[in-house]
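Next comes work_21.txt, a file with compact mmCIF, C-alpha atoms.
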# COMPACT_ATOMS: atom_id res chain seq x y z
CA MET A 293 179.78 79.14 3.70
CA THR A 294 178.60 77.16 0.68
CA ALA A 295 180.84 76.15 -2.20
CA THR A 296 178.71 78.32 -4.48
CA ALA A 297 179.31 81.37 -2.30
CA LEU A 298 183.04 80.72 -2.26
CA VAL A 299 183.14 80.46 -6.05
CA ALA A 300 181.27 83.75 -6.32
CA LEU A 301 183.75 85.42 -4.01
CA THR A 302 186.92 84.09 -5.56
CA ALA A 303 185.70 84.95 -9.05
CA THR A 304 186.17 88.62 -8.17
CA ALA A 305 189.43 88.10 -6.29
CA CYS A 306 192.69 89.65 -7.37
CA SER A 307 195.58 87.22 -7.12
CA SER A 308 198.73 88.91 -5.94
CA GLY A 309 201.60 86.51 -6.38
CA ASP A 310 205.05 87.21 -4.90
CA SER A 311 204.05 86.48 -1.32
CA GLY A 312 201.17 88.94 -1.29
CA SER A 313 203.33 91.94 -2.15
CA ARG A 314 201.15 93.16 -5.03
CA VAL A 315 197.89 93.31 -3.08
CA GLU A 316 197.28 96.67 -1.45
CA GLY A 317 195.24 97.47 1.64
CA LEU A 318 194.07 95.08 4.31
CA CYS A 319 194.82 91.94 2.31
CA GLY A 320 198.42 92.93 1.63
CA PRO A 321 200.15 93.48 4.97
CA ALA A 322 203.83 94.29 4.52
CA ALA A 323 206.17 91.38 5.18
CA ASP A 324 207.95 93.28 7.96
CA SER A 325 204.73 94.46 9.67
CA ALA A 326 203.30 92.73 12.73
CA ALA A 327 200.33 91.46 10.70
CA GLY A 328 202.57 90.32 7.86
CA LYS A 329 204.88 88.40 10.17
CA SER A 330 201.91 86.83 11.96
CA LEU A 331 200.32 85.80 8.65
CA ARG A 332 203.50 84.05 7.57
CA GLU A 333 203.67 82.24 10.90
CA VAL A 334 200.11 80.97 10.46
CA LEU A 335 200.74 79.89 6.87
CA GLY A 336 204.12 78.38 7.72
CA THR A 337 205.68 79.89 4.61
CA ASP A 338 206.75 83.13 2.93
CA ASP A 339 205.54 81.81 -0.43
CA PHE A 340 201.81 82.39 -0.83
CA THR A 341 199.17 84.17 -2.88
CA ALA A 342 196.98 86.88 -1.35
CA GLU A 343 193.55 87.54 -2.83
CA ALA A 344 191.54 90.68 -2.11
CA LEU A 345 187.92 89.57 -2.33
CA THR A 346 186.58 93.07 -1.63
CA PRO A 347 188.38 96.44 -1.96
CA ASP A 348 188.88 98.25 1.35
CA ASP A 349 186.58 101.15 0.48
CA ARG A 350 183.80 98.84 -0.66
CA PHE A 351 184.24 96.75 2.49
CA ALA A 352 183.85 99.81 4.72
CA GLU A 353 180.81 101.04 2.81
CA ARG A 354 179.05 97.69 2.80
CA PHE A 355 179.96 96.90 6.39
CA LYS A 356 178.54 100.17 7.70
CA GLN A 357 175.41 99.58 5.64
CA ASP A 358 175.07 96.14 7.25
CA LEU A 359 175.24 97.77 10.69
CA GLU A 360 172.61 100.35 9.77
CA GLU A 361 170.25 97.66 8.47
CA TRP A 362 170.92 95.40 11.47
CA GLY A 363 170.09 98.15 13.97
CA GLY A 364 170.58 96.08 17.13
CA GLY A 365 168.88 92.78 16.32
CA PRO A 366 169.43 89.53 18.25
CA ASN A 367 171.47 87.80 15.53
CA SER A 368 174.82 88.48 13.90
CA THR A 369 175.02 89.91 10.41
CA SER A 370 176.28 87.78 7.54
CA PRO A 371 180.07 87.98 7.27
CA SER A 372 181.73 90.09 4.60
CA PHE A 373 184.63 88.02 3.29
CA LEU A 374 187.61 90.21 2.60
CA CYS A 375 190.81 88.22 2.03
CA ARG A 376 192.05 84.78 1.15
CA PHE A 377 195.65 83.63 1.57
CA VAL A 378 196.80 80.46 -0.19
CA PRO A 379 200.25 78.88 0.26
CA GLU A 380 201.90 78.00 -3.05
CA ASP A 381 201.40 74.43 -4.28
CA SER A 382 198.77 73.82 -1.61
CA LYS A 383 195.02 73.33 -1.40
CA ASN A 384 195.02 74.87 2.07
CA HIS A 385 194.00 78.47 2.72
CA VAL A 386 193.12 81.14 5.26
CA LEU A 387 189.84 82.96 4.59
CA LEU A 388 189.21 86.20 6.49
CA GLY A 389 185.86 87.91 6.99
CA PHE A 390 184.06 90.33 9.30
CA ALA A 391 180.55 90.66 10.73
CA TRP A 392 178.62 92.49 13.46
CA SER A 393 177.45 90.56 16.53
CA PRO A 394 175.25 91.67 19.46
CA ALA A 395 177.40 93.22 22.18
CA ASP A 396 175.56 91.42 24.99
CA GLN A 397 176.47 87.88 23.93
CA PRO A 398 178.69 86.29 26.60
CA GLY A 399 181.93 84.75 25.43
CA LYS A 400 180.96 81.23 26.45
CA GLU A 401 177.97 81.28 24.11
CA ARG A 402 180.17 82.51 21.30
CA ALA A 403 182.67 79.67 21.68
CA ARG A 404 180.40 77.00 20.15
CA GLY A 405 182.01 74.30 22.25
CA GLY A 406 185.60 75.42 21.63
CA THR A 407 188.10 77.37 23.70
CA VAL A 408 187.56 80.96 24.85
CA TYR A 409 190.58 83.26 25.02
CA ASP A 410 191.37 86.73 26.25
CA VAL A 411 193.44 88.49 23.59
CA SER A 412 194.68 91.72 25.16
CA GLY A 413 191.18 92.53 26.39
CA ALA A 414 189.27 91.24 23.36
CA THR A 415 187.38 87.94 23.38
CA GLY A 416 188.65 85.23 21.07
CA THR A 417 187.25 81.77 20.40
CA ALA A 418 188.74 78.78 18.64
CA VAL A 419 187.36 75.53 17.27
CA PRO A 420 189.02 73.20 14.74
CA LEU A 421 189.56 75.04 11.44
CA ALA A 422 188.08 78.33 12.65
CA THR A 423 188.79 81.22 15.01
CA GLU A 424 186.78 84.32 15.93
CA LEU A 425 187.63 87.59 17.63
CA PHE A 426 185.20 90.13 19.09
CA ALA A 427 186.08 93.78 19.68
CA PRO A 428 184.09 97.00 20.20
CA CYS A 429 184.05 99.42 17.28
CA GLU A 430 182.40 102.74 18.10
CA LEU A 431 181.45 104.75 15.04
CA GLY A 432 180.29 108.34 14.81
CA GLY A 433 177.27 110.06 13.32
CA GLU A 434 174.10 108.08 12.67
CA LEU A 435 175.93 104.83 13.38
CA SER A 436 176.94 105.87 16.89
CA GLY A 437 173.96 104.17 18.55
CA PRO A 438 173.93 100.93 16.53
CA SER A 439 177.71 100.49 16.82
CA ARG A 440 177.48 100.58 20.61
CA LYS A 441 174.96 97.75 20.56
CA ALA A 442 177.31 95.59 18.51
CA VAL A 443 180.85 94.28 18.45
CA LEU A 444 183.06 93.80 15.44
CA ARG A 445 183.47 90.07 14.82
CA ALA A 446 186.40 88.77 12.81
CA ASP A 447 186.21 85.25 11.37
CA ALA A 448 189.11 83.20 10.07
CA THR A 449 188.57 79.84 8.40
CA LEU A 450 191.85 77.96 8.26
CA THR A 451 192.81 74.73 6.53
CA VAL A 452 196.55 75.14 7.00
CA ASP A 453 198.73 72.21 8.04
CA ARG A 454 200.70 73.36 11.09
CA GLY A 455 202.74 70.16 11.42
CA ARG A 456 203.57 69.29 15.03
CA ASP A 457 202.09 72.39 16.61
CA THR A 458 199.78 71.68 19.54
CA ASP A 459 196.20 72.97 19.44
CA ARG A 460 197.15 75.69 21.92
CA GLN A 461 200.15 76.82 19.84
CA ARG A 462 198.09 76.85 16.67
CA GLU A 463 195.20 78.74 18.22
CA THR A 464 197.53 81.30 19.81
CA SER A 465 199.15 82.03 16.43
CA GLU A 466 195.81 82.23 14.64
CA LEU A 467 194.23 84.52 17.22
CA SER A 468 197.27 86.81 17.21
CA PHE A 469 196.95 87.09 13.43
CA LEU A 470 193.21 87.71 13.67
CA TYR A 471 193.75 90.39 16.32
CA LEU A 472 196.28 92.25 14.17
CA MET A 473 194.11 92.07 11.04
CA THR A 474 191.06 93.23 13.01
CA ARG A 475 193.06 96.21 14.25
CA GLU A 476 193.76 97.18 10.64
CA ALA A 477 190.11 96.66 9.69
CA ALA A 478 189.07 98.94 12.57
CA LYS A 479 191.25 101.68 11.08
CA VAL A 480 189.59 101.29 7.68
CA LEU A 481 186.15 101.45 9.31
CA GLY A 482 187.09 104.51 11.37
CA CYS A 483 186.38 103.03 14.81
CA GLU A 484 186.63 106.07 17.07
CA ASN A 485 187.58 104.08 20.18
CA HIS A 486 190.75 102.77 18.46
CA PRO A 487 190.34 99.15 19.59
CA LEU A 488 193.15 96.59 19.85
CA ALA A 489 195.91 99.17 20.26
CA ASP A 490 198.15 96.89 22.34
CA ASP A 491 200.23 93.98 21.10
CA PRO A 492 198.28 90.68 21.14
CA VAL A 493 198.72 88.59 24.28
CA VAL A 494 196.66 85.39 24.09
CA LYS A 495 195.45 83.76 27.32
CA PRO A 496 193.04 80.79 27.43
CA LEU A 497 189.97 81.20 29.63
CA THR A 498 188.08 77.93 29.06
CA GLY A 499 188.27 74.71 27.12
CA SER A 500 190.85 71.99 26.65
CA THR A 501 194.26 71.98 28.26
CA PRO A 502 197.43 72.05 26.14
How would this structure read if it were set down as structure tokens?
Amino acid sequence: MTATALVALTATACSSGDSGSRVEGLCGPAADSAAGKSLREVLGTDDFTAEALTPDDRFAERFKQDLEEWGGGPNSTSPSFLCRFVPEDSKNHVLLGFAWSPADQPGKERARGGTVYDVSGATGTAVPLATELFAPCELGGELSGPSRKAVLRADATLTVDRGRDTDRQRETSELSFLYLMTREAAKVLGCENHPLADDPVVKPLTGSTP
């Protein structure tokens, strides 16, 4: 994503303060929820600002429109960036977005040279500063056909200092967070197959050893 695009996104963001408690919807998971606990583990702090770059209803509307326009093409759609989480007194951040990808892409091609993981049945990939998660999202009505040709792709760009964590520890935490946030996004979208219902269990399939 270009710097210009990021500026355009953050210009419409709503800063929450108070550890994200004032942001509602997907970008404001409760501190005692699984997603909220996982977010704080990734950030390494309870003190952060949550920014909602797109309201939940607008995200769902735009995302379904993207699927309708995509219609089963060979390439992924452009990601819709939804949330940004910034630890206090830090230039680091976690940026969360979603896109549609062709359902027939094998996991190894998705990994872009990184590590491929199984996350409770979903495919996750990790490279330095970025993780992705792919999960089926079956919609009803006119989007039934297109949604079965695609998978929901979650993207997290992370510039958070995790101290002495190994790559495997860091990627496990980040993919668990991405899994939980994708589960909430699937609820907003109305995925009829209810993906990612289980707790996240992250298992490496390929790539570097710990």
(request) Compile the contact shell of segment 470-480 of chain A as a PyMOL selection string: residues with an atom at most 10 Å away, counting all atoms listed in the file, same-chain residues fewer than 2 positions apart removed. (result) chain A and resi 317-319+321+325-328+330-331+348-349+351-352+374+388-390+411-412+414-416+423-431+444-448+464-468+482-494
(request) Give me, please, the distance in Å between atom CA of Ala418 of chain A and atom CA of Gly365 of chain A, quoted to one decimal. (result)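 About the pair atom CA of Ala418 of chain A and atom CA of Gly365 of chain A: they are 24.4 Å apart.
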(request) Show which residues sit within 7 Å of Lys441 of chain A, as a PyMOL selection string. Count all atoms listed in the file, and ignore same-chain residues fewer than 2 positions away. (result) chain A and resi 364+394-395+437-439
(request) Using all atoms listed in the file, determine which residues lie at most 7 Å from Leu497 of chain A, disregarding the query and same-chain residues fewer than 2 positions distant; provide the list as a VMD selection string. (result) chain A and resid 408 to 410 495
(message) Please determine, counting all atoms listed in the file, which residue among A:Thr449, A:Thr458, A:Thr407, A:Ser393 has the shortest atom-to-atom distance to Pro496 of chain A.
(response) A:Thr407
